[in-house]
file model_24.txt (compact mmCIF, C-alpha atoms)
# COMPACT_ATOMS: atom_id res chain seq x y z
CA MET W 238 125.34 108.07 102.74
CA ALA W 239 125.08 105.73 105.73
CA GLU W 240 121.62 104.63 106.80
CA GLU W 241 120.08 106.69 109.57
CA GLN W 242 120.41 105.20 113.05
CA VAL W 243 117.55 105.20 115.56
CA ILE W 244 118.00 105.33 119.32
CA LEU W 245 116.90 102.11 120.98
CA VAL W 246 115.27 102.70 124.36
CA ASN W 247 113.65 100.81 127.20
CA GLU W 248 110.14 101.57 128.47
CA ASN W 249 111.56 104.37 130.67
CA ASP W 250 113.03 106.16 127.61
CA GLU W 251 116.59 105.24 128.63
CA LYS W 252 118.96 104.71 125.71
CA VAL W 253 120.03 101.07 125.33
CA GLY W 254 121.76 101.28 121.93
CA LEU W 255 121.60 102.31 118.28
CA MET W 256 120.34 100.42 115.23
CA PRO W 257 119.86 101.20 111.53
CA LYS W 258 116.34 102.54 111.02
CA MET W 259 115.14 99.85 108.61
CA GLU W 260 116.49 97.05 110.80
CA ALA W 261 114.65 98.48 113.82
CA HIS W 262 111.42 98.52 111.81
CA GLU W 263 111.99 95.01 110.45
CA LYS W 264 112.65 93.63 113.96
CA ALA W 265 110.00 95.78 115.70
CA VAL W 266 112.55 97.03 118.26
CA LEU W 267 111.44 99.82 120.61
CA HIS W 268 113.07 103.10 119.60
CA ARG W 269 112.70 106.84 120.27
CA ALA W 270 110.59 108.97 117.94
CA PHE W 271 108.63 112.22 117.97
CA SER W 272 105.45 113.72 116.58
CA VAL W 273 105.03 117.48 116.12
CA PHE W 274 101.64 119.20 116.13
CA ILE W 275 101.51 122.81 114.88
CA PHE W 276 98.48 125.03 115.48
CA ASN W 277 97.63 128.51 114.21
CA ASP W 278 95.78 131.38 115.91
CA LYS W 279 92.49 130.05 114.49
CA ASP W 280 93.08 126.90 116.58
CA GLU W 281 93.55 124.83 113.42
CA LEU W 282 95.99 121.91 113.25
CA LEU W 283 98.46 121.73 110.36
CA LEU W 284 98.22 118.25 108.82
CA GLN W 285 100.53 116.76 106.24
CA GLN W 286 99.88 114.08 103.66
CA ARG W 287 102.91 111.81 103.54
CA ALA W 288 104.75 111.59 100.21
CA ALA W 289 103.97 108.68 97.89
CA SER W 290 107.59 107.53 98.15
CA LYS W 291 107.46 106.88 101.95
CA TYR W 292 108.44 103.33 102.91
CA HIS W 293 105.27 102.96 104.96
CA SER W 294 101.97 104.85 105.22
CA PRO W 295 102.41 106.66 101.86
CA LEU W 296 99.81 109.33 101.04
CA LEU W 297 98.16 109.03 104.46
CA TRP W 298 97.32 112.14 106.47
CA THR W 299 99.10 112.70 109.75
CA ASN W 300 100.34 115.31 112.20
CA THR W 301 102.51 118.21 111.05
CA CYS W 302 105.73 116.18 111.05
CA CYS W 303 107.36 113.21 112.75
CA SER W 304 110.64 111.35 112.70
CA HIS W 305 113.42 109.97 114.87
CA GLN W 306 115.88 111.79 117.09
CA ARG W 307 119.55 111.49 116.22
CA ASP W 308 122.05 110.30 118.81
CA GLY W 309 122.94 113.23 121.05
CA GLU W 310 120.06 115.40 119.80
CA SER W 311 117.37 116.65 122.19
CA ASN W 312 113.71 116.01 121.42
CA ILE W 313 113.12 119.73 120.75
CA GLU W 314 116.20 120.00 118.51
CA ALA W 315 115.02 116.97 116.53
CA GLY W 316 111.50 118.35 116.21
CA LYS W 317 112.75 121.72 114.93
CA ARG W 318 115.18 120.05 112.50
CA ARG W 319 112.50 117.84 111.00
CA LEU W 320 109.90 120.61 110.92
CA GLU W 321 112.27 122.66 108.77
CA GLU W 322 113.21 119.65 106.57
CA GLU W 323 109.61 118.60 105.91
CA MET W 324 107.54 121.78 106.20
CA GLY W 325 110.06 124.57 105.53
CA PHE W 326 109.74 126.51 108.77
CA VAL W 327 110.83 126.48 112.41
CA CYS W 328 108.96 127.64 115.49
CA ASP W 329 109.19 127.16 119.24
CA LEU W 330 108.12 123.69 120.38
CA LYS W 331 107.01 122.39 123.76
CA GLU W 332 107.07 118.71 124.67
CA VAL W 333 103.73 117.78 126.25
CA THR W 334 103.84 113.99 126.82
CA TRP W 335 105.07 110.69 125.42
CA PHE W 336 103.65 107.21 124.90
CA ILE W 337 104.62 103.80 123.51
CA TYR W 338 102.85 102.17 120.60
CA LYS W 339 103.34 99.26 118.24
CA ALA W 340 101.82 99.20 114.74
CA PRO W 341 102.56 96.53 112.11
CA PHE W 342 102.26 97.46 108.42
CA ASP W 343 101.30 95.46 105.34
CA ASN W 344 104.88 95.63 104.00
CA GLY W 345 106.28 93.59 106.91
CA LEU W 346 107.65 96.57 108.82
CA THR W 347 106.53 97.51 112.35
CA GLU W 348 106.66 100.82 114.15
CA HIS W 349 107.46 100.18 117.83
CA GLU W 350 108.12 103.62 119.16
CA LEU W 351 108.38 105.65 122.30
CA ASP W 352 106.85 108.76 120.74
CA HIS W 353 107.43 112.23 122.21
CA ILE W 354 104.57 114.62 121.38
CA MET W 355 105.50 118.26 120.80
CA VAL W 356 103.27 121.28 120.16
CA GLY W 357 104.03 124.61 118.51
CA TYR W 358 102.27 127.59 116.95
CA TYR W 359 102.72 129.10 113.48
CA ASN W 360 100.44 131.29 111.36
CA GLN W 361 101.72 130.91 107.81
CA ASN W 362 101.42 128.15 105.28
CA PRO W 363 104.39 125.79 105.06
CA VAL W 364 106.72 125.42 102.10
CA ILE W 365 106.57 121.64 101.86
CA ASN W 366 109.43 119.40 100.78
CA PRO W 367 107.89 117.24 98.01
CA GLU W 368 110.28 114.36 98.81
CA GLU W 369 108.66 114.13 102.25
CA VAL W 370 105.20 115.68 101.95
CA ALA W 371 102.56 115.37 99.21
CA ASN W 372 100.19 118.02 100.54
CA PHE W 373 99.06 119.93 103.64
CA LYS W 374 95.88 121.37 105.10
CA TRP W 375 94.74 123.23 108.22
CA MET W 376 91.80 121.68 110.09
CA HIS W 377 89.95 122.31 113.34
CA MET W 378 90.35 119.48 115.85
CA GLN W 379 86.63 118.61 115.81
CA ASP W 380 86.74 118.31 112.00
CA VAL W 381 89.78 116.02 112.21
CA ARG W 382 87.97 113.89 114.79
CA LYS W 383 84.90 113.59 112.54
CA ASP W 384 87.00 112.73 109.49
CA ILE W 385 89.00 110.08 111.36
CA ALA W 386 85.72 108.46 112.46
CA LYS W 387 84.37 108.57 108.89
CA ASN W 388 87.62 107.75 106.99
CA PRO W 389 90.11 106.05 109.36
CA GLN W 390 91.93 104.47 106.42
CA ASN W 391 93.12 107.95 105.36
CA TYR W 392 95.23 108.50 108.52
CA THR W 393 98.46 107.06 109.94
CA ALA W 394 98.34 104.56 112.80
CA TRP W 395 100.22 106.78 115.25
CA PHE W 396 98.12 109.84 114.45
CA LYS W 397 94.90 107.94 115.22
CA ILE W 398 96.38 106.70 118.53
CA ILE W 399 97.55 110.18 119.53
CA PHE W 400 94.27 111.76 118.54
CA ALA W 401 92.19 109.19 120.43
CA ASN W 402 94.26 109.24 123.61
CA TYR W 403 96.37 112.39 123.91
CA ASP W 404 94.53 115.27 122.25
CA SER W 405 93.94 116.89 125.67
CA PHE W 406 97.69 117.60 125.83
CA MET W 407 97.42 119.72 122.70
CA ARG W 408 95.03 122.34 124.01
CA LYS W 409 96.27 125.89 124.69
call {"tool": "encode", "arguments": {"input": "model_24.txt", "output": "structure tokens"}}
result
Amino acid sequence: MAEEQVILVNENDEKVGLMPKMEAHEKAVLHRAFSVFIFNDKDELLLQQRAASKYHSPLLWTNTCCSHQRDGESNIEAGKRRLEEEMGFVCDLKEVTWFIYKAPFDNGLTEHELDHIMVGYYNQNPVINPEEVANFKWMHMQDVRKDIAKNPQNYTAWFKIIFANYDSFMRK
């Protein structure tokens, strides 16, 4: 199977090309990505613990799911696809904002992403894909905030950025 391609973009989210995913992370090239945040009726956020086999940030806690859009795929289509692949369900999603971040990792790779944040609502437990997700939990936002402050090493770089700067976009 051919390596997944990411969509290279400029700072206005305009497509400027395609590149294999690993090459984009090795060269720290700006590319399009998304992060999905799913809440339930108790106003709890569904977190996932990334699988141990992930090429970066293994076993760290993060938002419900995240990935890269495919060429020709809308942000919402990509979010729903990945939500089903990682967490075993699909629900309506709404895009609420986007931002650019750059985060180098110990393994020499760098995430340099224009990250679209999407929110949805779901009231059942997921059926996680063990190749992608090690575990899940539902947490209230204030409890996540406290735990990030106490144990920042347990969370992904992008999740901490989103939580610190964009959590107001995730309120009902």
call {"tool": "closest_residue", "arguments": {"input": "model_24.txt", "among": "W:Pro257, W:Gly316, W:Gly309, W:Gly357", "to": "W:Lys331", "atoms": "all atoms listed in the file"}}
result
W:Gly357
call {"tool": "closest_residue", "arguments": {"input": "model_24.txt", "among": "W:Ala394, W:Leu282, W:Cys328, W:Val246", "to": "W:Phe342", "atoms": "all atoms listed in the file"}}
result
W:Ala394
call {"tool": "residues_around", "arguments": {"input": "model_24.txt", "residues": "W:Glu323", "least_positions_apart": "4", "cutoff": "7 Å", "atoms": "all atoms listed in the file", "output": "list in words"}}
result
Cys302, Arg319, Ile365, Asn366, Glu369 and Val370 of chain W
call {"tool": "atom_distance", "arguments": {"input": "model_24.txt", "atom1": "atom CA of W:Phe406", "atom2": "atom CA of W:Val333"}}
result
6.1 Å
call {"tool": "closest_residue", "arguments": {"input": "model_24.txt", "among": "W:Val243, W:Cys303, W:Val266, W:Gly325", "to": "W:Pro367", "atoms": "only C-alpha atoms"}}
result
W:Gly325
call {"tool": "residues_around", "arguments": {"input": "model_24.txt", "residues": "W:His353", "least_positions_apart": "6", "cutoff": "12 Å", "atoms": "all atoms listed in the file", "output": "ChimeraX atom specification"}}
result
/W:250,268-274,302-306,311-313,315-316,330-338,395,399,403,406
call {"tool": "write_last_selection", "arguments": {"input": "model_24.txt", "atoms": "C-alpha atoms", "output": "PDB file, in the frame of the given file"}}
result
ATOM      1  CA  ASP W 250     113.030 106.160 127.610  1.00  0.00           C
ATOM      2  CA  HIS W 268     113.070 103.100 119.600  1.00  0.00           C
ATOM      3  CA  ARG W 269     112.700 106.840 120.270  1.00  0.00           C
ATOM      4  CA  ALA W 270     110.590 108.970 117.940  1.00  0.00           C
ATOM      5  CA  PHE W 271     108.630 112.220 117.970  1.00  0.00           C
ATOM      6  CA  SER W 272     105.450 113.720 116.580  1.00  0.00           C
ATOM      7  CA  VAL W 273     105.030 117.480 116.120  1.00  0.00           C
ATOM      8  CA  PHE W 274     101.640 119.200 116.130  1.00  0.00           C
ATOM      9  CA  CYS W 302     105.730 116.180 111.050  1.00  0.00           C
ATOM     10  CA  CYS W 303     107.360 113.210 112.750  1.00  0.00           C
ATOM     11  CA  SER W 304     110.640 111.350 112.700  1.00  0.00           C
ATOM     12  CA  HIS W 305     113.420 109.970 114.870  1.00  0.00           C
ATOM     13  CA  GLN W 306     115.880 111.790 117.090  1.00  0.00           C
ATOM     14  CA  SER W 311     117.370 116.650 122.190  1.00  0.00           C
ATOM     15  CA  ASN W 312     113.710 116.010 121.420  1.00  0.00           C
ATOM     16  CA  ILE W 313     113.120 119.730 120.750  1.00  0.00           C
ATOM     17  CA  ALA W 315     115.020 116.970 116.530  1.00  0.00           C
ATOM     18  CA  GLY W 316     111.500 118.350 116.210  1.00  0.00           C
ATOM     19  CA  LEU W 330     108.120 123.690 120.380  1.00  0.00           C
ATOM     20  CA  LYS W 331     107.010 122.390 123.760  1.00  0.00           C
ATOM     21  CA  GLU W 332     107.070 118.710 124.670  1.00  0.00           C
ATOM     22  CA  VAL W 333     103.730 117.780 126.250  1.00  0.00           C
ATOM     23  CA  THR W 334     103.840 113.990 126.820  1.00  0.00           C
ATOM     24  CA  TRP W 335     105.070 110.690 125.420  1.00  0.00           C
ATOM     25  CA  PHE W 336     103.650 107.210 124.900  1.00  0.00           C
ATOM     26  CA  ILE W 337     104.620 103.800 123.510  1.00  0.00           C
ATOM     27  CA  TYR W 338     102.850 102.170 120.600  1.00  0.00           C
ATOM     28  CA  TRP W 395     100.220 106.780 115.250  1.00  0.00           C
ATOM     29  CA  ILE W 399      97.550 110.180 119.530  1.00  0.00           C
ATOM     30  CA  TYR W 403      96.370 112.390 123.910  1.00  0.00           C
ATOM     31  CA  PHE W 406      97.690 117.600 125.830  1.00  0.00           C
TER      32      PHE W 406
END
